[in-house]
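data.txt, holding compact mmCIF, C-alpha atoms:
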# COMPACT_ATOMS: atom_id res chain seq x y z
CA MET A 1 124.15 54.40 99.81
CA ASP A 2 126.87 51.75 99.63
CA TYR A 3 128.93 52.30 96.47
CA GLN A 4 132.55 52.61 95.41
CA PHE A 5 133.89 56.14 95.77
CA PRO A 6 135.06 57.39 92.36
CA VAL A 7 138.73 57.85 91.54
CA ILE A 8 139.39 61.56 90.87
CA ARG A 9 142.79 62.83 89.80
CA ASN A 10 141.99 65.89 87.73
CA ILE A 11 139.24 68.46 87.25
CA SER A 12 138.61 66.87 83.85
CA ASP A 13 137.26 63.83 85.72
CA VAL A 14 134.57 65.97 87.36
CA LEU A 15 133.38 68.60 84.87
CA PRO A 16 131.45 66.18 82.58
CA ALA A 17 129.37 65.02 85.57
CA ILE A 18 128.06 68.53 86.33
CA GLU A 19 127.80 69.88 82.78
CA GLY A 20 124.58 71.86 82.33
CA ARG A 21 123.71 71.72 86.04
CA SER A 22 123.18 75.28 87.28
CA GLU A 23 123.15 74.28 90.96
CA PHE A 24 126.88 73.55 90.86
CA VAL A 25 129.39 76.39 90.94
CA VAL A 26 132.89 76.20 89.48
CA ALA A 27 134.69 79.07 91.20
CA VAL A 28 138.11 80.04 89.86
CA LYS A 29 140.20 81.66 92.58
CA ASP A 30 143.83 82.64 93.09
CA GLY A 31 145.68 79.51 91.99
CA TYR A 32 142.85 77.04 92.52
CA THR A 33 139.32 76.13 91.47
CA VAL A 34 136.53 75.10 93.86
CA ILE A 35 133.55 73.00 92.82
CA ASN A 36 130.58 73.13 95.16
CA TYR A 37 126.79 73.04 95.00
CA ASN A 38 124.70 76.07 95.95
CA VAL A 39 121.30 74.42 96.18
CA MET A 40 119.96 70.88 96.09
CA PHE A 41 117.16 70.10 93.65
CA GLU A 42 115.24 66.85 93.57
CA ASP A 43 117.56 65.43 90.88
CA THR A 44 120.85 67.03 91.97
CA PHE A 45 122.05 63.84 93.64
CA PRO A 46 120.29 60.94 91.91
CA PRO A 47 120.75 57.32 93.02
CA ILE A 48 124.09 55.77 92.12
CA LYS A 49 122.54 52.66 90.63
CA VAL A 50 120.62 53.46 87.43
CA ALA A 51 118.43 51.48 85.05
CA GLY A 52 117.88 51.64 81.30
CA GLY A 53 120.25 51.83 78.37
CA SER A 54 123.32 49.77 77.64
CA ALA A 55 125.73 48.52 80.29
CA LYS A 56 128.24 51.15 79.18
CA MET A 57 125.66 53.94 79.49
CA ARG A 58 124.58 52.75 82.94
CA ALA A 59 128.20 52.60 84.13
CA GLU A 60 128.87 56.15 82.89
CA ARG A 61 125.71 57.56 84.49
CA SER A 62 126.48 55.80 87.77
CA LEU A 63 130.00 57.23 87.75
CA HIS A 64 128.70 60.74 87.07
CA ASN A 65 126.14 60.40 89.86
CA ALA A 66 128.88 59.34 92.28
CA ILE A 67 131.14 62.21 91.18
CA ARG A 68 128.38 64.75 91.79
CA ARG A 69 128.36 63.73 95.43
CA GLU A 70 132.02 64.75 95.61
CA CYS A 71 131.22 68.32 94.53
CA ARG A 72 130.97 69.94 97.93
CA GLY A 73 134.26 71.80 98.26
CA ILE A 74 136.57 69.67 96.12
CA ILE A 75 139.55 71.74 94.89
CA PHE A 76 141.89 71.57 91.89
CA ASP A 77 145.07 73.36 90.80
CA ASN A 78 144.43 76.02 88.15
CA GLU A 79 147.54 75.25 86.11
CA THR A 80 147.60 71.46 86.10
CA GLY A 81 144.00 70.65 86.96
CA ASP A 82 145.26 68.14 89.54
CA ILE A 83 143.31 67.56 92.72
CA LEU A 84 144.40 69.54 95.79
CA ARG A 85 141.71 68.75 98.33
CA ARG A 86 138.91 66.21 98.80
CA PRO A 87 136.63 66.86 101.79
CA TYR A 88 133.47 64.93 102.68
CA HIS A 89 131.23 63.45 100.01
CA LYS A 90 127.56 64.39 100.12
CA PHE A 91 125.63 62.20 102.54
CA PHE A 92 122.07 62.33 103.81
CA ASN A 93 119.77 62.11 106.81
CA VAL A 94 118.30 58.81 107.92
CA ASN A 95 114.99 58.29 106.07
CA GLU A 96 115.62 61.31 103.84
CA ARG A 97 115.54 59.16 100.71
CA PRO A 98 114.97 55.49 99.84
CA GLU A 99 118.65 54.57 100.04
CA THR A 100 118.85 55.75 103.67
CA GLN A 101 115.76 53.98 105.00
CA ASP A 102 117.03 50.47 105.63
CA VAL A 103 120.19 51.15 107.60
CA PRO A 104 122.44 48.07 107.94
CA LEU A 105 123.50 48.53 111.55
CA TYR A 106 124.72 44.93 111.53
CA GLU A 107 127.72 46.18 109.52
CA ASP A 108 130.75 47.60 111.34
CA HIS A 109 130.23 51.27 112.15
CA SER A 110 130.91 54.07 114.60
CA ILE A 111 128.60 56.68 116.10
CA LEU A 112 130.12 60.18 115.98
CA GLU A 113 129.06 63.39 117.62
CA LYS A 114 127.75 65.81 114.99
CA LEU A 115 129.57 69.04 115.68
CA ASP A 116 127.83 72.37 115.13
CA GLY A 117 130.53 74.34 113.38
CA SER A 118 132.10 74.99 109.99
CA MET A 119 133.91 72.34 107.97
CA ILE A 120 137.57 73.29 107.48
CA ALA A 121 139.98 71.37 105.24
CA PRO A 122 143.49 72.65 104.40
CA PHE A 123 145.18 72.44 101.01
CA ILE A 124 148.42 73.67 99.48
CA VAL A 125 148.57 75.81 96.33
CA ASN A 126 151.67 77.57 95.00
CA GLY A 127 153.53 76.46 98.11
CA GLN A 128 151.06 78.13 100.47
CA MET A 129 148.76 76.27 102.86
CA ILE A 130 145.20 77.56 102.95
CA TRP A 131 142.75 76.61 105.69
CA GLY A 132 139.50 76.78 103.79
CA THR A 133 135.78 76.25 104.16
CA LYS A 134 133.81 74.52 101.40
CA MET A 135 134.50 77.53 99.16
CA GLY A 136 138.20 77.73 99.99
CA ALA A 137 139.61 80.91 101.50
CA THR A 138 136.66 82.81 103.02
CA THR A 139 135.99 85.27 105.82
CA VAL A 140 134.72 82.37 107.95
CA ALA A 141 138.14 80.72 107.67
CA GLU A 142 140.12 83.83 108.65
CA PRO A 143 139.97 83.11 112.41
CA VAL A 144 141.14 79.57 111.67
CA GLU A 145 144.24 80.90 109.93
CA GLU A 146 145.03 82.88 113.08
CA PHE A 147 144.27 79.86 115.28
CA VAL A 148 146.74 77.56 113.50
CA LYS A 149 149.47 80.21 113.70
CA ASN A 150 149.23 79.86 117.47
CA ASN A 151 148.94 76.06 117.25
CA PRO A 152 151.67 75.00 114.78
CA GLN A 153 151.04 71.27 115.33
CA TYR A 154 148.07 71.62 112.97
CA VAL A 155 150.23 72.90 110.11
CA LYS A 156 152.84 70.20 110.65
CA PHE A 157 150.13 67.52 110.71
CA ALA A 158 148.39 68.82 107.57
CA GLU A 159 151.65 69.10 105.61
CA TYR A 160 152.52 65.52 106.51
CA LEU A 161 149.18 64.14 105.30
CA ILE A 162 148.90 66.23 102.15
CA ASN A 163 152.33 65.08 100.98
CA ILE A 164 151.90 61.32 101.59
CA GLY A 165 151.48 59.29 98.39
CA ASP A 166 148.57 60.61 96.34
CA GLY A 167 147.80 62.98 99.19
CA TRP A 168 145.36 62.87 102.11
CA THR A 169 142.99 65.64 103.20
CA PRO A 170 142.52 66.16 106.95
CA ILE A 171 138.99 67.37 107.65
CA PHE A 172 138.22 69.48 110.72
CA GLU A 173 135.27 71.23 112.32
CA TRP A 174 135.79 74.80 113.49
CA CYS A 175 133.65 75.38 116.60
CA SER A 176 133.76 78.92 117.88
CA ARG A 177 131.69 81.80 119.21
CA LYS A 178 133.19 83.83 116.36
CA GLN A 179 130.94 81.89 113.96
CA ARG A 180 128.29 80.51 116.29
CA ILE A 181 125.46 78.61 114.61
CA VAL A 182 123.28 77.17 117.41
CA LEU A 183 125.47 75.53 120.04
CA ASP A 184 127.72 77.74 122.15
CA TYR A 185 131.36 76.62 122.19
CA GLN A 186 133.03 78.74 124.85
CA GLU A 187 136.55 78.10 123.53
CA ASP A 188 137.81 78.05 119.96
CA GLN A 189 138.24 74.45 118.85
CA LEU A 190 139.52 72.91 115.62
CA ILE A 191 138.48 69.28 115.88
CA LEU A 192 139.68 66.50 113.56
CA THR A 193 136.72 64.55 112.16
CA ALA A 194 138.16 62.60 109.20
CA ILE A 195 141.16 61.96 106.96
CA ARG A 196 140.45 61.23 103.30
CA ASN A 197 142.54 60.09 100.33
CA MET A 198 142.38 62.72 97.60
CA VAL A 199 142.41 60.32 94.65
CA THR A 200 140.49 57.24 95.81
CA GLY A 201 138.13 58.88 98.31
CA GLU A 202 139.05 56.30 100.94
CA TYR A 203 138.49 57.37 104.55
CA SER A 204 141.11 56.57 107.18
CA THR A 205 140.04 54.30 110.04
CA PHE A 206 139.08 55.89 113.33
CA SER A 207 141.78 54.02 115.19
CA ASN A 208 144.27 55.72 112.87
CA ILE A 209 142.60 59.11 113.34
CA HIS A 210 142.67 58.81 117.13
CA GLN A 211 146.32 57.78 117.02
CA HIS A 212 147.18 60.85 114.95
CA GLY A 213 145.24 63.05 117.34
CA GLN A 214 147.09 61.75 120.38
CA GLU A 215 150.49 62.00 118.71
CA GLN A 216 149.93 65.55 117.43
CA ASN A 217 147.95 66.90 120.40
CA ILE A 218 144.94 67.56 118.19
CA PRO A 219 141.37 66.95 119.47
CA VAL A 220 139.34 64.30 117.66
CA VAL A 221 135.55 64.10 117.33
CA ARG A 222 133.92 62.03 120.05
CA THR A 223 132.83 58.52 119.17
CA PHE A 224 130.25 56.31 120.85
CA ALA A 225 129.41 52.61 120.92
CA PRO A 226 127.72 51.16 117.82
CA GLU A 227 123.92 50.93 117.73
CA THR A 228 121.82 47.87 116.93
CA ASP A 229 118.26 49.24 116.82
CA MET A 230 117.82 52.18 114.45
CA LYS A 231 114.24 52.98 115.50
CA ALA A 232 115.24 53.16 119.15
CA PHE A 233 118.25 55.29 118.26
CA ILE A 234 116.11 57.71 116.22
CA ASP A 235 113.64 58.04 119.11
CA HIS A 236 116.50 58.71 121.52
CA VAL A 237 118.13 61.38 119.32
CA ARG A 238 114.83 63.11 118.54
CA ASP A 239 114.27 64.06 122.19
CA LEU A 240 117.78 65.31 122.97
CA GLU A 241 118.65 68.95 123.63
CA ASP A 242 121.89 70.98 123.62
CA VAL A 243 123.37 68.78 120.89
CA GLU A 244 123.01 68.81 117.10
CA GLY A 245 122.85 65.05 116.62
CA PHE A 246 125.04 62.18 115.48
CA VAL A 247 126.66 60.68 112.41
CA VAL A 248 126.58 56.96 111.70
CA ARG A 249 129.83 56.18 109.88
CA PHE A 250 130.41 52.74 108.45
CA ASP A 251 133.91 51.34 108.16
CA ASN A 252 133.74 51.68 104.35
CA GLY A 253 133.39 55.47 104.74
CA HIS A 254 129.69 55.84 103.98
CA MET A 255 127.68 57.90 106.43
CA LEU A 256 124.22 58.94 107.60
CA LYS A 257 123.22 61.76 109.91
CA LEU A 258 120.53 62.22 112.57
CA LYS A 259 119.58 65.55 114.12
CA CYS A 260 117.51 66.18 117.23
CA ASP A 261 114.23 68.11 116.93
CA TRP A 262 115.44 70.81 119.34
CA TYR A 263 118.39 71.71 117.11
CA VAL A 264 116.42 71.58 113.85
CA GLN A 265 113.75 73.96 115.16
CA ILE A 266 116.28 76.56 116.32
CA HIS A 267 118.36 76.28 113.17
CA LYS A 268 115.30 76.76 110.93
CA ALA A 269 114.23 79.80 112.95
CA LYS A 270 117.68 81.39 112.60
CA GLU A 271 117.71 80.74 108.85
CA LYS A 272 114.32 82.40 108.41
CA ILE A 273 115.28 85.66 110.13
CA LEU A 274 118.27 86.03 107.82
CA GLN A 275 115.89 86.83 104.95
CA ASP A 276 114.22 90.25 104.78
CA ARG A 277 111.03 88.78 103.31
CA ASN A 278 110.54 86.53 106.33
CA ILE A 279 111.16 89.39 108.77
CA VAL A 280 108.53 91.54 107.03
CA GLU A 281 106.04 88.68 107.19
CA LEU A 282 106.69 88.28 110.93
CA ILE A 283 106.11 91.99 111.52
CA LEU A 284 102.88 92.01 109.50
CA ASP A 285 101.65 88.91 111.32
Show how you would write the structure in this file as structure tokens.
Amino acid sequence: MDYQFPVIRNISDVLPAIEGRSEFVVAVKDGYTVINYNVMFEDTFPPIKVAGGSAKMRAERSLHNAIRRECRGIIFDNETGDILRRPYHKFFNVNERPETQDVPLYEDHSILEKLDGSMIAPFIVNGQMIWGTKMGATTVAEPVEEFVKNNPQYVKFAEYLINIGDGWTPIFEWCSRKQRIVLDYQEDQLILTAIRNMVTGEYSTFSNIHQHGQEQNIPVVRTFAPETDMKAFIDHVRDLEDVEGFVVRFDNGHMLKLKCDWYVQIHKAKEKILQDRNIVELILD
């Protein structure tokens, strides 16, 4: 789990890592290209550390494995190929795989509320700011575009970050009844959850994020005191209701997530009834 985030400046840095992998989509849109994954197979996100072959081969495979984890909504300019947006890297549930079983809670970390909404991260292409989901401009993001028109501090804040140095991507969660998943948010909220360097993948500290939120009048995801006993924390989260869960975020930017059983059961049920085959089976049963 703990590895150096790869430096990414151009789409040419990413394409070799996903060559021949059908689960990744490279979607060319109006002025920009989105790289995302549609489905996760057993070997879609292999361990970063690899064995076998020469040192050079191992280093290249490790780099490619790390780059794959960046392919969840990363965006590049169509003309130059330069990076325009870098949202969250792919991270996993506690105990989902070997690398997330022995969690080093002795290292500095924060506990964040896991919000039940849609990830939104703005980017600028051809002089226009787009507030996009993982796939860029989508119907899910349309209400967000309207929301920021009425809350111009968001646009000002995003422009400031995107234009600093190599560029930073502010990452938000859109929580609204307009796109309700499980939890019911009675008011539209666009909540800041992270700020990430586009090139290095570095995550801004939470003290910095909270300072930005206070200065710009932008809500920030709730944080809680660090944990020391992972088993006790898992047992506590498992029995909760009316929340999705929590994210354990270490100061180096790496993260793990925990979801409560109540949320998982409802979410799975909602996913099943979206497919005609499952509805027919329910009727026949």
Open item on the list: Quick one: residues within 7 Å of Phe224 (chain A), all atoms listed in the file, excluding same-chain residues fewer than 2 positions away - as a VMD selection string?
Closed with: chain A and resid 110 to 112 222 226
I'd like a table as a Markdown table: residues in region 53-121 of chain A with an atom no more than 10 Å from region 234-253 of chain A, each row giving the shortest atom pair and its distance in Å to one decimal, all atoms listed in the file counted, sorted by chain and rising residue number.
| residue | atom | partner | partner_atom | distance |
| --- | --- | --- | --- | --- |
| A:Tyr88 | CA | A:Gly253 | CA | 9.7 |
| A:His89 | CA | A:Gly253 | CA | 9.5 |
| A:Phe92 | CA | A:Val247 | CA | 9.9 |
| A:Asn93 | CA | A:Val247 | CA | 9.0 |
| A:Val94 | CA | A:Ile234 | CA | 8.7 |
| A:Val103 | CA | A:Val248 | CA | 9.6 |
| A:Pro104 | CA | A:Phe250 | CA | 9.3 |
| A:Leu105 | CA | A:Phe250 | CA | 8.7 |
| A:Glu107 | CA | A:Phe250 | CA | 7.2 |
| A:Asp108 | CA | A:Asp251 | CA | 5.8 |
| A:His109 | CA | A:Phe250 | CA | 4.0 |
| A:Ser110 | CA | A:Arg249 | CA | 5.3 |
| A:Ile111 | CA | A:Val248 | CA | 4.8 |
| A:Leu112 | CA | A:Val247 | CA | 5.0 |
| A:Glu113 | CA | A:Phe246 | CA | 4.7 |
| A:Lys114 | CA | A:Phe246 | CA | 4.6 |
| A:Leu115 | CA | A:Glu244 | CA | 6.7 |
| A:Asp116 | CA | A:Glu244 | CA | 6.3 |
TODO: Would you mind reading off the distance between CA of Gly165 (chain A) and CA of Lys29 (chain A), one decimal, in Å?
DONE: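 That distance, rounded to one decimal, is 25.7 Å.
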Task: A:Glu23, A:Asp2, A:Glu142, A:Asp13 ranked by distance to Thr100 (chain A), top pick (using only C-alpha atoms) - done: A:Asp2
Task: Which residue of A:Met230, A:Lys156, A:Ser176, A:Val199 approaches His212 (chain A) most closely, using all atoms listed in the file - done: A:Lys156
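For the pair CA of Asp43 (chain A) and CA of Lys257 (chain A), the separation is 20.2 Å.
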TODO: Record the distance separating CA of Tyr203 (chain A) and CA of Lys178 (chain A), expressed in Å with one decimal.
DONE: 29.5 Å
- [ ] Mind listing whatever residues come within 10 Å of the point (151.0, 67.7, 113.3)? Use all atoms listed in the file, file coordinates, and give them as a list in words.
- [x]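 Checking each residue against the 10 Å limit leaves Asn151, Pro152, Gln153, Tyr154, Val155, Lys156, Phe157, Ala158, Glu159, Tyr160, Leu161, His212, Gly213, Glu215, Gln216, Asn217 and Ile218 of chain A.
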Writer output for current selection, C-alpha atoms, as a tab-separated table (two decimals), in the frame of the given file:
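Dumped to out-v5.tsv:
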chain	number	residue	atom	x	y	z
A	151	ASN	CA	148.94	76.06	117.25
A	152	PRO	CA	151.67	75.00	114.78
A	153	GLN	CA	151.04	71.27	115.33
A	154	TYR	CA	148.07	71.62	112.97
A	155	VAL	CA	150.23	72.90	110.11
A	156	LYS	CA	152.84	70.20	110.65
A	157	PHE	CA	150.13	67.52	110.71
A	158	ALA	CA	148.39	68.82	107.57
A	159	GLU	CA	151.65	69.10	105.61
A	160	TYR	CA	152.52	65.52	106.51
A	161	LEU	CA	149.18	64.14	105.30
A	212	HIS	CA	147.18	60.85	114.95
A	213	GLY	CA	145.24	63.05	117.34
A	215	GLU	CA	150.49	62.00	118.71
A	216	GLN	CA	149.93	65.55	117.43
A	217	ASN	CA	147.95	66.90	120.40
A	218	ILE	CA	144.94	67.56	118.19
